[in-house]
file data-v5.txt (compact mmCIF, C-alpha atoms and all ligand atoms)
# COMPACT_ATOMS: atom_id res chain seq x y z
CA MET A 12 -20.98 6.22 -37.58
CA ASP A 13 -18.92 3.12 -38.36
CA SER A 14 -15.69 4.29 -36.76
CA THR A 15 -14.31 7.74 -35.95
CA ASN A 16 -10.92 6.67 -37.36
CA SER A 17 -12.43 5.38 -40.61
CA TRP A 18 -14.56 8.53 -40.95
CA SER A 19 -11.51 10.75 -40.41
CA ILE A 20 -9.52 8.91 -43.06
CA GLN A 21 -12.40 8.91 -45.57
CA HIS A 22 -13.21 12.61 -45.11
CA CYS A 23 -9.67 13.82 -44.51
CA LYS A 24 -9.34 15.69 -47.80
CA GLU A 25 -12.48 17.77 -47.14
CA PHE A 26 -10.58 19.68 -44.47
CA ARG A 27 -7.85 22.21 -45.07
CA ASP A 28 -4.69 22.29 -42.97
CA ASP A 29 -5.97 25.33 -41.10
CA HIS A 30 -9.02 23.29 -39.97
CA LEU A 31 -6.71 21.04 -37.97
CA PRO A 32 -6.72 19.60 -35.40
CA LEU A 33 -10.22 18.26 -35.98
CA LEU A 34 -12.08 16.36 -33.29
CA VAL A 35 -14.34 13.59 -34.61
CA ILE A 36 -16.60 12.14 -31.95
CA CYS A 37 -19.73 10.01 -31.96
CA ASP A 38 -22.21 8.42 -29.57
CA SER A 39 -21.67 4.95 -30.89
CA GLN A 40 -19.58 3.17 -33.50
CA SER A 41 -20.98 0.27 -35.54
CA ALA A 42 -17.50 -0.90 -36.61
CA GLY A 43 -14.99 0.44 -34.08
CA ARG A 44 -11.49 -0.72 -34.89
CA GLY A 45 -8.62 -1.70 -32.61
CA ARG A 46 -4.97 -2.44 -33.25
CA GLN A 47 -3.87 -5.46 -35.28
CA GLY A 48 -7.16 -5.55 -37.21
CA ARG A 49 -9.23 -6.29 -34.12
CA SER A 50 -12.64 -4.81 -33.47
CA TRP A 51 -13.22 -2.43 -30.56
CA HIS A 52 -16.12 -3.10 -28.25
CA ALA A 53 -17.98 0.04 -27.20
CA ASP A 54 -21.46 1.10 -26.15
CA ALA A 55 -23.03 4.36 -24.98
CA GLY A 56 -20.85 4.28 -21.86
CA ALA A 57 -17.65 4.44 -23.90
CA LEU A 58 -15.89 7.57 -25.05
CA THR A 59 -14.85 7.12 -28.68
CA PHE A 60 -13.16 9.84 -30.65
CA SER A 61 -10.42 10.62 -33.14
CA ILE A 62 -8.22 13.63 -33.69
CA LEU A 63 -7.33 14.38 -37.29
CA ASP A 64 -4.07 16.27 -37.38
CA SER A 65 -0.92 16.65 -39.44
CA ALA A 66 2.70 15.90 -38.63
CA LEU A 67 3.64 19.26 -40.13
CA ARG A 68 1.29 21.21 -37.85
CA LEU A 69 2.57 19.27 -34.86
CA GLY A 70 6.15 20.09 -35.75
CA LEU A 71 6.96 16.39 -36.00
CA ALA A 72 9.38 14.86 -38.46
CA LEU A 73 7.80 11.76 -40.03
CA GLU A 74 10.06 9.37 -38.16
CA HIS A 75 8.68 10.68 -34.87
CA VAL A 76 4.98 10.23 -35.72
CA PRO A 77 4.75 6.78 -34.01
CA LYS A 78 5.62 8.52 -30.74
CA LEU A 79 2.19 10.16 -30.92
CA ALA A 80 0.63 6.83 -29.93
CA LEU A 81 2.72 6.69 -26.77
CA VAL A 82 1.92 10.31 -26.01
CA ALA A 83 -1.80 9.71 -26.49
CA GLY A 84 -1.69 6.69 -24.16
CA LEU A 85 0.22 8.72 -21.59
CA SER A 86 -2.34 11.53 -21.81
CA VAL A 87 -5.23 9.14 -21.21
CA ALA A 88 -3.40 7.59 -18.25
CA GLU A 89 -2.72 11.02 -16.72
CA ALA A 90 -6.33 12.08 -17.24
CA ILE A 91 -7.56 8.94 -15.47
CA ASP A 92 -5.26 9.66 -12.51
CA ASP A 93 -6.70 13.19 -12.35
CA LEU A 94 -10.26 11.87 -12.44
CA ILE A 95 -10.16 8.95 -10.02
CA PRO A 96 -7.48 9.47 -7.40
CA PRO A 97 -5.76 7.54 -5.86
CA TYR A 98 -5.80 5.10 -8.79
CA SER A 99 -2.76 5.11 -10.99
CA ALA A 100 -3.11 4.08 -14.61
CA ARG A 101 -0.33 2.09 -16.27
CA ILE A 102 0.57 1.74 -19.91
CA LYS A 103 0.95 -1.65 -21.48
CA TRP A 104 3.28 -0.94 -24.39
CA PRO A 105 2.64 0.46 -26.83
CA ASN A 106 -0.54 2.18 -25.75
CA ASP A 107 -3.09 0.12 -23.84
CA VAL A 108 -4.08 1.92 -20.68
CA LEU A 109 -4.68 -0.33 -17.68
CA VAL A 110 -6.06 0.28 -14.22
CA ALA A 111 -5.68 -2.46 -11.63
CA GLY A 112 -4.27 -4.71 -14.35
CA LYS A 113 -7.26 -4.42 -16.69
CA LYS A 114 -7.64 -2.44 -19.88
CA VAL A 115 -9.66 0.76 -19.68
CA ALA A 116 -8.53 2.49 -22.86
CA GLY A 117 -6.80 1.93 -26.19
CA VAL A 118 -5.26 4.06 -28.90
CA LEU A 119 -5.23 3.43 -32.64
CA ILE A 120 -3.00 5.74 -34.64
CA GLU A 121 -3.13 5.70 -38.44
CA ASN A 122 -1.31 7.67 -41.11
CA VAL A 123 -3.43 8.95 -43.95
CA PRO A 124 -1.59 8.11 -47.18
CA GLN A 125 -0.89 10.68 -49.86
CA THR A 126 -1.48 13.81 -47.86
CA GLN A 127 0.91 16.69 -48.30
CA SER A 128 1.14 17.73 -44.68
CA ASN A 129 1.32 14.06 -43.56
CA ARG A 130 -2.08 13.73 -41.97
CA VAL A 131 -2.46 11.42 -39.04
CA VAL A 132 -5.49 10.12 -37.15
CA VAL A 133 -5.20 9.49 -33.42
CA GLY A 134 -8.16 7.36 -32.30
CA ILE A 135 -8.89 6.95 -28.62
CA GLY A 136 -11.42 4.71 -26.92
CA VAL A 137 -11.99 4.98 -23.17
CA ASN A 138 -14.22 2.58 -21.22
CA VAL A 139 -15.85 5.16 -18.99
CA SER A 140 -18.85 3.09 -17.95
CA THR A 141 -18.94 0.52 -20.76
CA ASN A 142 -21.13 -2.50 -20.19
CA PHE A 143 -19.25 -5.66 -21.13
CA LEU A 144 -22.15 -8.09 -20.73
CA ILE A 145 -22.48 -8.55 -24.48
CA ALA A 146 -18.75 -8.43 -25.17
CA THR A 147 -16.74 -11.52 -26.08
CA GLU A 148 -15.39 -13.60 -23.22
CA GLU A 149 -11.84 -12.50 -24.04
CA VAL A 150 -12.78 -8.82 -23.82
CA ARG A 151 -14.75 -9.42 -20.60
CA GLU A 152 -11.71 -11.02 -19.00
CA ARG A 153 -9.23 -8.35 -20.00
CA ALA A 154 -11.24 -5.13 -19.93
CA THR A 155 -12.97 -3.01 -17.35
CA SER A 156 -14.37 0.49 -17.08
CA ILE A 157 -13.35 3.50 -15.02
CA SER A 158 -16.75 3.42 -13.26
CA GLU A 159 -16.48 -0.25 -12.41
CA ILE A 160 -12.99 0.15 -10.95
CA SER A 161 -13.60 3.34 -9.01
CA GLY A 162 -17.29 3.04 -8.17
CA ARG A 163 -17.66 6.64 -9.38
CA HIS A 164 -19.91 7.91 -12.14
CA LEU A 165 -18.10 10.09 -14.66
CA ASP A 166 -19.74 11.78 -17.59
CA LEU A 167 -18.15 11.33 -21.00
CA GLY A 168 -17.70 15.09 -21.48
CA SER A 169 -15.50 15.53 -18.43
CA VAL A 170 -13.34 12.57 -19.39
CA LEU A 171 -12.98 14.00 -22.90
CA VAL A 172 -11.93 17.41 -21.58
CA SER A 173 -9.37 15.89 -19.20
CA VAL A 174 -7.83 13.74 -21.93
CA LEU A 175 -7.68 16.64 -24.41
CA GLU A 176 -6.09 18.95 -21.84
CA ARG A 177 -3.37 16.42 -21.02
CA TYR A 178 -2.84 15.61 -24.70
CA HIS A 179 -2.51 19.28 -25.60
CA GLU A 180 0.12 19.84 -22.89
CA ASN A 181 2.05 16.72 -23.82
CA LEU A 182 2.07 17.63 -27.51
CA LYS A 183 3.64 20.96 -26.69
CA THR A 184 6.32 19.15 -24.70
CA LEU A 185 6.81 16.60 -27.49
CA ALA A 186 7.41 19.22 -30.13
CA GLY A 187 9.62 21.24 -27.81
CA LEU A 188 7.13 24.06 -28.14
CA GLU A 189 5.54 26.13 -25.47
CA ASN A 190 2.77 28.15 -27.06
CA SER A 191 3.99 28.60 -30.58
CA ARG A 192 3.58 26.34 -33.55
CA PRO A 193 5.43 26.27 -36.87
CA ALA A 194 3.94 28.27 -39.70
CA THR A 195 2.81 26.14 -42.64
CA GLY A 196 5.80 25.45 -44.88
CA ASP A 197 8.34 25.43 -42.06
CA GLN A 198 10.48 22.37 -41.69
CA PRO A 199 9.15 20.06 -38.95
CA LYS A 200 11.25 20.31 -35.82
CA LYS A 201 13.00 17.30 -34.37
CA CYS A 202 11.19 16.21 -31.25
CA GLN A 203 13.89 14.09 -29.65
CA LEU A 204 14.41 16.60 -26.86
CA GLY A 205 10.71 16.99 -26.14
CA PHE A 206 10.12 13.26 -26.11
CA SER A 207 12.91 12.71 -23.59
CA GLU A 208 10.98 14.98 -21.21
CA LEU A 209 7.97 12.64 -21.45
CA LEU A 210 10.02 9.47 -21.15
CA SER A 211 10.28 9.35 -17.39
CA SER A 212 6.48 9.50 -17.07
CA LEU A 213 6.14 6.77 -19.68
CA ARG A 214 8.78 4.65 -17.96
CA ASN A 215 7.14 5.05 -14.55
CA ARG A 216 3.86 3.83 -15.98
CA CYS A 217 5.28 0.93 -18.00
CA PHE A 218 3.21 -2.09 -16.98
CA LEU A 219 5.56 -4.58 -18.64
CA THR A 220 8.82 -3.61 -16.94
CA GLY A 221 10.27 -6.59 -15.10
CA GLN A 222 7.81 -9.04 -16.65
CA LYS A 223 8.70 -12.01 -18.79
CA ILE A 224 6.89 -11.66 -22.07
CA ARG A 225 6.43 -13.47 -25.32
CA MET A 226 6.15 -11.28 -28.40
CA ASN A 227 5.30 -11.78 -32.01
CA GLN A 228 7.47 -9.69 -34.28
CA GLY A 229 6.97 -10.14 -38.00
CA GLY A 230 5.85 -13.74 -37.54
CA GLN A 231 8.71 -14.61 -35.19
CA GLN A 232 8.26 -15.24 -31.48
CA ILE A 233 10.64 -13.58 -29.06
CA LEU A 234 10.80 -14.39 -25.36
CA GLY A 235 12.46 -12.07 -22.88
CA ARG A 236 12.27 -10.03 -19.73
CA CYS A 237 11.13 -6.46 -20.26
CA GLU A 238 13.76 -3.93 -19.23
CA GLY A 239 11.54 -0.94 -19.84
CA LEU A 240 11.62 1.63 -22.62
CA GLY A 241 14.52 2.84 -24.73
CA ASN A 242 15.12 6.49 -25.59
CA ASP A 243 12.73 6.40 -28.54
CA GLY A 244 9.99 4.61 -26.65
CA GLU A 245 10.93 1.18 -27.99
CA LEU A 246 10.42 -1.85 -25.75
CA LEU A 247 13.67 -3.34 -24.44
CA LEU A 248 13.66 -7.10 -24.03
CA ALA A 249 16.50 -9.01 -22.40
CA THR A 250 16.61 -12.26 -24.38
CA ASP A 251 19.11 -15.10 -24.49
CA ARG A 252 20.65 -13.28 -27.49
CA GLY A 253 21.11 -10.05 -25.53
CA VAL A 254 18.91 -6.97 -25.29
CA VAL A 255 16.58 -6.51 -28.25
CA ALA A 256 14.83 -3.20 -28.98
CA ILE A 257 11.29 -3.77 -30.24
CA THR A 258 9.75 -0.95 -32.24
CA SER A 259 6.65 -2.81 -33.35
CA GLY A 260 5.12 -6.12 -32.50
CA GLU A 261 2.38 -7.73 -30.52
CA ILE A 262 2.57 -9.13 -27.02
CA VAL A 263 1.32 -12.68 -27.24
CA ARG A 264 1.54 -13.49 -23.57
CA ILE A 265 2.85 -12.24 -20.26
CA GLU A 266 4.38 -15.34 -18.69
CA GLY A 267 2.87 -16.16 -15.30
CA VAL A 268 -0.36 -14.30 -16.12
CA SER A 269 -3.25 -16.50 -17.25
C1 LIG B 1 -6.81 -0.89 -29.27
O1 LIG B 1 -6.72 -0.96 -28.06
O2 LIG B 1 -6.65 -1.89 -30.00
C2 LIG B 1 -7.11 0.45 -29.89
C3 LIG B 1 -8.54 0.81 -29.72
C4 LIG B 1 -8.89 2.16 -30.32
C5 LIG B 1 -10.38 2.41 -30.32
C6 LIG B 1 -10.71 3.80 -30.77
S1 LIG B 1 -12.39 4.20 -30.48
C7 LIG B 1 -12.22 5.65 -31.42
C8 LIG B 1 -11.36 5.31 -32.61
N1 LIG B 1 -12.16 4.79 -33.70
C9 LIG B 1 -11.90 3.51 -33.93
O3 LIG B 1 -12.47 2.81 -34.79
N2 LIG B 1 -10.94 3.06 -33.11
C10 LIG B 1 -10.48 4.11 -32.23
call {"tool": "encode", "arguments": {"input": "data-v5.txt", "output": "structure tokens"}}
result
Amino acid sequence: MDSTNSWSIQHCKEFRDDHLPLLVICDSQSAGRGRQGRSWHADAGALTFSILDSALRLGLALEHVPKLALVAGLSVAEAIDDLIPPYSARIKWPNDVLVAGKKVAGVLIENVPQTQSNRVVVGIGVNVSTNFLIATEEVRERATSISEISGRHLDLGSVLVSVLERYHENLKTLAGLENSRPATGDQPKKCQLGFSELLSSLRNRCFLTGQKIRMNQGGQQILGRCEGLGNDGELLLATDRGVVAITSGEIVRIEGVS
């Protein structure tokens, strides 16, 4: 398969709403995609999958869909903590998962255009025991695998189950639901309340808090000290123009880190 995200988008319309959520998983991707148009390095030691879902089924108003990326990153981080104690995974906003300062997982969330129930694809890649020998130098410097960090062998299936369990629980919290879900046709519920319950976990894991960072936002560079996350999961940067809330953008550099 080229990419579980691409496959999910291409085949989305073959699945009815009551088929969702759909797990799309493969042994290897020939064209795995990362955020910002980058490629995603993976081999047989990487867990690569996507979940095709709909905002309607999740009880999410459209404006809250971007929060899914934060929730997916949080779920991966929690699963890693469960699997390799006493390590504690951090989240580099918006959704890179780091252990010991290096990236072990990433999330790529994409809306599928022109779908009635507002379909969304949540793609997750976890470096379980990925071999980086043939990766680019940049990837080799920034990435690691759970096995390399912990010295433990984990099979892909158990990592998948842990991530899905955490994700399932967090989605219920996000939508303010316990075990119910809205019947098709119901108005999506606002998830502000549910998200605020996840915020303290996200804030505790925020890798950037306190760091001086340089960001690229719509072609403009912003420099500031990260003050953590706002109530909607936005990144708060204290700049010389005051505190700026960043909802999207790319971190160009963490000052003081080579
Ligand atoms: C990133 O860190 O830039 C996001 C990486 C997301 C990679 C996963 S692997 C499964 C899914 N399919 C893809 O093509 N990408 C995501």
call {"tool": "closest_residue", "arguments": {"input": "data-v5.txt", "among": "A:Tyr98, A:His30, A:Asp93, A:Pro105", "to": "ligand LIG 1 (chain B)", "atoms": "all atoms listed in the file"}}
result
A:Pro105
call {"tool": "residues_around", "arguments": {"input": "data-v5.txt", "residues": "Ile157 in chain A", "least_positions_apart": "4", "cutoff": "9 Å", "atoms": "all atoms listed in the file", "output": "number ranges by chain"}}
result
A: 91, 95, 110, 115, 137-141, 161-165
call {"tool": "residues_near_point", "arguments": {"input": "data-v5.txt", "point": "(-17.4, -5.0, -15.7)", "cutoff": "9 Å", "atoms": "all atoms listed in the file", "output": "list in words"}}
result
Ser140, Thr141, Asn142, Phe143, Leu144, Arg151, Glu152, Ala154, Thr155, Ser156, Ser158, Glu159 and Ile160 of chain A
call {"tool": "residues_around", "arguments": {"input": "data-v5.txt", "residues": "range 259-263 of chain A", "least_positions_apart": "6", "cutoff": "7 Å", "atoms": "only C-alpha atoms", "output": "JSON, numbers by chain"}}
result
{"A": [225, 226, 227, 228]}
call {"tool": "closest_residue", "arguments": {"input": "data-v5.txt", "among": "A:Thr250, A:Ser61, A:Gln47, A:Thr147", "to": "Pro32 in chain A", "atoms": "all atoms listed in the file"}}
result
A:Ser61
call {"tool": "residues_near_ligand", "arguments": {"input": "data-v5.txt", "ligand": "ligand LIG 1 (chain B)", "cutoff": "10 Å", "atoms": "all atoms listed in the file", "output": "PyMOL selection string"}}
result
chain A and resi 12-19+35-37+39-53+57-62+84+105-108+114-121+132-138
call {"tool": "residues_near_point", "arguments": {"input": "data-v5.txt", "point": "(9.9, -3.1, -20.2)", "cutoff": "6 Å", "atoms": "only C-alpha atoms", "output": "list in words"}}
result
Leu219, Thr220, Cys237, Glu238, Gly239, Leu240, Leu246 and Leu247 of chain A
call {"tool": "residues_around", "arguments": {"input": "data-v5.txt", "residues": "Leu210 in chain A", "least_positions_apart": "4", "cutoff": "12 Å", "atoms": "all atoms listed in the file", "output": "list in words"}}
result
Lys78, Leu81, Val82, Leu85, Asn181, Thr184, Leu185, Gln203, Leu204, Gly205, Phe206, Arg214, Asn215, Arg216, Cys217, Gly239, Leu240, Gly241, Asn242, Asp243, Gly244 and Glu245 of chain A
call {"tool": "atom_distance", "arguments": {"input": "data-v5.txt", "atom1": "CA of Asn129 in chain A", "atom2": "CA of Asp64 in chain A"}}
result
8.5 Å
call {"tool": "closest_residue", "arguments": {"input": "data-v5.txt", "among": "A:Ile224, A:Val131, A:Ala80, A:Leu63", "to": "Gly267 in chain A", "atoms": "all atoms listed in the file"}}
result
A:Ile224
call {"tool": "atom_distance", "arguments": {"input": "data-v5.txt", "atom1": "CA of Val172 in chain A", "atom2": "CA of Ala90 in chain A"}}
result
8.9 Å
call {"tool": "atom_distance", "arguments": {"input": "data-v5.txt", "atom1": "CA of Asn122 in chain A", "atom2": "CA of Leu213 in chain A"}}
result
22.7 Å
call {"tool": "closest_residue", "arguments": {"input": "data-v5.txt", "among": "A:Arg130, A:Arg236, A:Asp92, A:Val87", "to": "Asp28 in chain A", "atoms": "only C-alpha atoms"}}
result
A:Arg130
